[in-house]
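Chemist: Here you go, one structure.
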Amino acid sequence: MEAFRRLYPSEFYRKFLVHDIRPDGRALYKIRKTTISVGSVSSADGSAFVKIGNTSMVAGISVELGSVPIPAKGEEMPPDGHVVVNLELLPLCSAKYKPGKPSEDAQVMGEYLNDIAKTLIDFSSIAIKQKSETEQGEQKAKWVWFLNTSIYCINHDGNIFDASLIALIAALKDVKLPVIEFGEDGEVFAGEEKFSLKLLHVPTSLTFGIIDDYILADPTSEEETLFNGTITVISNDKDQFCGLYKTGGTPLSQESLRECMDRAKTRGVHVRSLISKKLDQTDPKQRKNLMSP
């Protein structure tokens with residue numbers, strides 16, 4: 001059986017799919033167990049560890065305060081903060097990735113994550129009250145937030161985009177920003193009081209793979225090699241659809257698309273509940289993994 005699976009993987013899968021089941025025992029739309037932990041990296045200002053099946057991702061956020069010059073009169077003011085996401089897919093997580101230049105997967109998914117990250121935070125609501133040196137009564141510099149996010153894949157067993165997005169959201173919700181204070185000489189101090197980020201919305205995603213006429217949710221790495229195409233649906237806590245990424249040329253019927261969208265919304269409710277429960281456990285010593293069925 002294993003020899004047949006290695007030599008003819010597509011035919012092997014079809015023998016299961018005709019019975020609406022997968023070789024690992026899951027139904028076509030069944031999602032693997034999901035585990036979320038926050039505050040996993042003590043050296044980060046916000047962090048999260050996410051595991052979907054055997055796929056493991058860790059996200060860490062470093063918060064920095066930077067000074068940017070004030071533009072000339074009439075030019076657009078710089079934003080009050082920036083969030084940048086870097087996705088690392090290293091040989092550690094899968095033999096398909098090689099050392100050196102970032103893989104195409106890392107570049108494409110990293111771009112998607114950065115696009116989403118730009119919609120998450122209203123930095124104007126946490127803008128730093130400026131007290132910089134002045135020249136002829138005009139402000140010369142502006143203090144802004146920089147949230148540098150690194151997401152690492154520890155083990156790749158498929159569906160790393162969904163796991164990466166969960167890790168990003170959970171890590172952002174774990175971030176605590178200090179209240180900024182200014183000394184009489186213009187020095188900047190991080191006060192003892194801290195506050196959490198308030199996200200504008202909380203997006204989650206669900207990825208599906210297409211094999212012939214079958215649609216599989218939350219694919220494994222083995223299943224991903226057999227797909228004719230994939231579709232990722234992103235929804236948020238405001239009952240909105242905020243993204244749809246499709247690869248491959250396989251057409252998808254309106255009925256199948258609606259099914260994917262409905263399941264993505266249901267998945268989002270469950271994931272956000274897992275994150276909220278985890279964050280409610282405020283004492284790190286009492287934190288335990290929350291696992292979905």
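Here, A, B, ... name the chains of the structure tokens in the order displayed, residue numbers run from 1 inside each chain, and ligands are numbered from 1 in the same displayed order.
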Can you list, as a PyMOL selection string, every protein, DNA or RNA residue that comes within 10 Å of A:Val38 when you count only C-alpha atoms, leaving out same-chain residues fewer than 3 positions away?

Modeler: chain A and resi 41+46-50+58-60+167+170-175+275+278-279+281+284+287-289

Chemist: Using only C-alpha atoms, which protein or nucleic acid residues come within 6 Å of A:Thr232? Drop anything in the same chain fewer than 3 positions from it, and give the result as a list in words.

Modeler: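 Listed by chain and then number, they are Leu206, Thr207, Leu244 and Tyr245 of chain A.
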
Chemist: Name all residues at most 12 Å from stretch 74-78 of chain A (count only C-alpha atoms; drop same-chain ones fewer than 2 positions away) and give them as a PyMOL selection string.

Modeler: chain A and resi 66-72+80-82+123-124+127+139-145

Chemist: Give me a file of those residues, with all heavy atoms, as a compact mmCIF listing (two decimals), in the first residue's frame.

Modeler:
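Final output, part.txt:
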# COMPACT_ATOMS: atom_id res chain seq x y z
N GLY A 66 10.73 55.14 17.00
CA GLY A 66 11.66 55.80 16.09
C GLY A 66 11.27 57.24 15.83
O GLY A 66 10.10 57.62 15.96
N SER A 67 12.26 58.02 15.47
CA SER A 67 12.04 59.43 15.16
C SER A 67 12.17 59.63 13.66
O SER A 67 13.17 59.22 13.05
CB SER A 67 13.06 60.30 15.90
OG SER A 67 12.90 61.66 15.57
N VAL A 68 11.16 60.21 13.06
CA VAL A 68 11.20 60.49 11.62
C VAL A 68 11.07 62.00 11.40
O VAL A 68 10.39 62.69 12.16
CB VAL A 68 10.06 59.75 10.88
CG1 VAL A 68 10.22 58.26 11.00
CG2 VAL A 68 8.69 60.17 11.41
N PRO A 69 11.76 62.52 10.39
CA PRO A 69 11.72 63.97 10.16
C PRO A 69 10.33 64.44 9.71
O PRO A 69 9.63 63.73 9.00
CB PRO A 69 12.77 64.19 9.07
CG PRO A 69 12.87 62.87 8.38
CD PRO A 69 12.62 61.83 9.42
N ILE A 70 9.99 65.62 10.13
CA ILE A 70 8.74 66.23 9.68
C ILE A 70 8.94 66.77 8.26
O ILE A 70 9.92 67.47 7.98
CB ILE A 70 8.33 67.38 10.62
CG1 ILE A 70 8.07 66.85 12.03
CG2 ILE A 70 7.10 68.11 10.08
CD1 ILE A 70 6.92 65.89 12.12
N PRO A 71 8.07 66.42 7.33
CA PRO A 71 8.24 66.90 5.95
C PRO A 71 7.99 68.41 5.83
O PRO A 71 7.46 69.04 6.75
CB PRO A 71 7.17 66.12 5.18
CG PRO A 71 6.14 65.78 6.19
CD PRO A 71 6.88 65.57 7.48
N ALA A 72 8.39 68.94 4.71
CA ALA A 72 8.20 70.36 4.46
C ALA A 72 6.71 70.70 4.43
O ALA A 72 5.85 69.83 4.21
CB ALA A 72 8.85 70.75 3.13
N ASP A 80 1.64 57.46 12.01
CA ASP A 80 2.02 57.38 13.42
C ASP A 80 2.62 56.03 13.79
O ASP A 80 2.97 55.81 14.95
CB ASP A 80 0.80 57.66 14.31
CG ASP A 80 0.30 59.09 14.14
OD1 ASP A 80 1.06 60.01 14.46
OD2 ASP A 80 -0.83 59.28 13.67
N GLY A 81 2.71 55.13 12.83
CA GLY A 81 3.29 53.82 13.11
C GLY A 81 3.38 52.95 11.87
O GLY A 81 2.74 53.23 10.85
N HIS A 82 4.17 51.91 11.97
CA HIS A 82 4.34 50.97 10.87
C HIS A 82 4.36 49.56 11.44
O HIS A 82 4.92 49.31 12.51
CB HIS A 82 5.65 51.22 10.11
CG HIS A 82 5.78 52.59 9.55
ND1 HIS A 82 5.35 52.93 8.28
CD2 HIS A 82 6.29 53.74 10.08
CE1 HIS A 82 5.60 54.21 8.06
NE2 HIS A 82 6.17 54.72 9.13
N PHE A 123 -3.02 53.50 13.89
CA PHE A 123 -1.95 54.07 14.70
C PHE A 123 -2.27 55.49 15.19
O PHE A 123 -1.71 55.94 16.18
CB PHE A 123 -0.63 54.09 13.91
CG PHE A 123 0.06 52.76 13.87
CD1 PHE A 123 0.03 51.97 12.73
CD2 PHE A 123 0.75 52.29 14.97
CE1 PHE A 123 0.67 50.74 12.69
CE2 PHE A 123 1.40 51.06 14.94
CZ PHE A 123 1.36 50.29 13.80
N SER A 124 -3.18 56.18 14.49
CA SER A 124 -3.53 57.53 14.94
C SER A 124 -4.19 57.50 16.31
O SER A 124 -4.12 58.47 17.07
CB SER A 124 -4.46 58.20 13.91
OG SER A 124 -5.69 57.51 13.81
N ALA A 127 -1.29 57.46 18.76
CA ALA A 127 -0.21 58.37 18.39
C ALA A 127 0.47 58.93 19.63
O ALA A 127 -0.17 59.19 20.66
CB ALA A 127 -0.76 59.51 17.53
N GLN A 139 7.91 72.05 14.74
CA GLN A 139 8.41 70.74 15.14
C GLN A 139 9.34 70.17 14.08
O GLN A 139 9.04 70.20 12.90
CB GLN A 139 7.21 69.80 15.37
CG GLN A 139 7.57 68.50 16.00
CD GLN A 139 6.32 67.70 16.34
OE1 GLN A 139 5.35 68.24 16.84
NE2 GLN A 139 6.37 66.42 16.05
N LYS A 140 10.49 69.60 14.51
CA LYS A 140 11.47 69.07 13.56
C LYS A 140 11.33 67.57 13.34
O LYS A 140 11.69 67.07 12.29
CB LYS A 140 12.89 69.37 14.05
CG LYS A 140 13.22 70.85 14.11
CD LYS A 140 14.72 71.05 14.21
CE LYS A 140 15.33 70.24 15.33
NZ LYS A 140 16.78 70.49 15.47
N ALA A 141 10.85 66.86 14.35
CA ALA A 141 10.79 65.40 14.25
C ALA A 141 9.52 64.88 14.89
O ALA A 141 8.87 65.55 15.68
CB ALA A 141 12.02 64.77 14.90
N LYS A 142 9.20 63.65 14.53
CA LYS A 142 7.99 63.01 15.03
C LYS A 142 8.32 61.60 15.49
O LYS A 142 9.01 60.85 14.79
CB LYS A 142 6.93 62.98 13.92
CG LYS A 142 5.66 62.24 14.27
CD LYS A 142 4.70 62.26 13.09
CE LYS A 142 3.41 61.53 13.42
NZ LYS A 142 2.44 61.58 12.30
N TRP A 143 7.84 61.24 16.68
CA TRP A 143 8.06 59.90 17.20
C TRP A 143 6.93 58.99 16.74
O TRP A 143 5.76 59.32 16.85
CB TRP A 143 8.12 59.93 18.73
CG TRP A 143 9.34 60.62 19.25
CD1 TRP A 143 9.43 61.91 19.68
CD2 TRP A 143 10.64 60.06 19.38
NE1 TRP A 143 10.71 62.20 20.08
CE2 TRP A 143 11.48 61.08 19.90
CE3 TRP A 143 11.19 58.81 19.11
CZ2 TRP A 143 12.83 60.87 20.16
CZ3 TRP A 143 12.53 58.60 19.37
CH2 TRP A 143 13.35 59.61 19.89
N VAL A 144 7.31 57.80 16.22
CA VAL A 144 6.32 56.86 15.71
C VAL A 144 6.66 55.44 16.18
O VAL A 144 7.79 55.15 16.56
CB VAL A 144 6.25 56.88 14.16
CG1 VAL A 144 5.87 58.26 13.65
CG2 VAL A 144 7.57 56.44 13.54
N TRP A 145 5.65 54.57 16.13
CA TRP A 145 5.82 53.17 16.51
C TRP A 145 6.28 52.34 15.32
O TRP A 145 5.82 52.54 14.21
CB TRP A 145 4.50 52.59 17.02
CG TRP A 145 3.95 53.22 18.25
CD1 TRP A 145 2.89 54.08 18.34
CD2 TRP A 145 4.42 53.04 19.59
NE1 TRP A 145 2.67 54.43 19.63
CE2 TRP A 145 3.60 53.82 20.44
CE3 TRP A 145 5.45 52.31 20.16
CZ2 TRP A 145 3.78 53.88 21.81
CZ3 TRP A 145 5.64 52.36 21.53
CH2 TRP A 145 4.80 53.13 22.34

Chemist: Which residues are close to A:Phe161, i.e. within 7 Å by only C-alpha atoms, leaving aside same-chain residues fewer than 3 positions away? Reply as a list of chain:residue names.

Modeler: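 The residues that qualify are A:Met109, A:Ser164, A:Leu165.
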
Chemist: Report as JSON lines the residues of stretch 239-282 of chain A within 12 Å of stretch 182-205 of chain A, each with its shortest atom pair and distance in Å (one decimal), using only C-alpha atoms, ordered by chain and increasing residue number.

Modeler:
{"residue": "A:Asp239", "atom": "CA", "partner": "A:Pro203", "partner_atom": "CA", "distance": 9.8}
{"residue": "A:Gln240", "atom": "CA", "partner": "A:Pro203", "partner_atom": "CA", "distance": 9.0}
{"residue": "A:Phe241", "atom": "CA", "partner": "A:Pro203", "partner_atom": "CA", "distance": 8.8}
{"residue": "A:Cys242", "atom": "CA", "partner": "A:Pro203", "partner_atom": "CA", "distance": 7.7}
{"residue": "A:Gly243", "atom": "CA", "partner": "A:Ser205", "partner_atom": "CA", "distance": 8.6}
{"residue": "A:Leu244", "atom": "CA", "partner": "A:Ser205", "partner_atom": "CA", "distance": 9.1}
{"residue": "A:Tyr245", "atom": "CA", "partner": "A:Ser205", "partner_atom": "CA", "distance": 10.2}
{"residue": "A:Cys260", "atom": "CA", "partner": "A:Ser205", "partner_atom": "CA", "distance": 10.7}
{"residue": "A:Met261", "atom": "CA", "partner": "A:Ser205", "partner_atom": "CA", "distance": 9.8}
{"residue": "A:Asp262", "atom": "CA", "partner": "A:Ser205", "partner_atom": "CA", "distance": 11.6}
{"residue": "A:Arg263", "atom": "CA", "partner": "A:Ser205", "partner_atom": "CA", "distance": 10.0}
{"residue": "A:Ala264", "atom": "CA", "partner": "A:Ser205", "partner_atom": "CA", "distance": 6.4}
{"residue": "A:Lys265", "atom": "CA", "partner": "A:Thr204", "partner_atom": "CA", "distance": 8.4}
{"residue": "A:Thr266", "atom": "CA", "partner": "A:Thr204", "partner_atom": "CA", "distance": 10.2}
{"residue": "A:Arg267", "atom": "CA", "partner": "A:Ser205", "partner_atom": "CA", "distance": 7.9}
{"residue": "A:Gly268", "atom": "CA", "partner": "A:Thr204", "partner_atom": "CA", "distance": 5.3}
{"residue": "A:Val269", "atom": "CA", "partner": "A:Thr204", "partner_atom": "CA", "distance": 8.7}
{"residue": "A:His270", "atom": "CA", "partner": "A:Thr204", "partner_atom": "CA", "distance": 9.8}
{"residue": "A:Val271", "atom": "CA", "partner": "A:Thr204", "partner_atom": "CA", "distance": 7.5}
{"residue": "A:Arg272", "atom": "CA", "partner": "A:Val202", "partner_atom": "CA", "distance": 7.7}
{"residue": "A:Ser273", "atom": "CA", "partner": "A:Val202", "partner_atom": "CA", "distance": 11.2}
{"residue": "A:Leu274", "atom": "CA", "partner": "A:Thr204", "partner_atom": "CA", "distance": 11.9}
{"residue": "A:Ile275", "atom": "CA", "partner": "A:Val202", "partner_atom": "CA", "distance": 10.4}
{"residue": "A:Ser276", "atom": "CA", "partner": "A:Val202", "partner_atom": "CA", "distance": 11.1}
{"residue": "A:Leu279", "atom": "CA", "partner": "A:Ser196", "partner_atom": "CA", "distance": 11.1}

Chemist: If I take atom CA of A:Leu90 and atom CA of A:Cys153, how far is one from the other in Å, to one decimal?

Modeler: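 Taking atom CA of A:Leu90 and atom CA of A:Cys153, their separation equals 7.2 Å.
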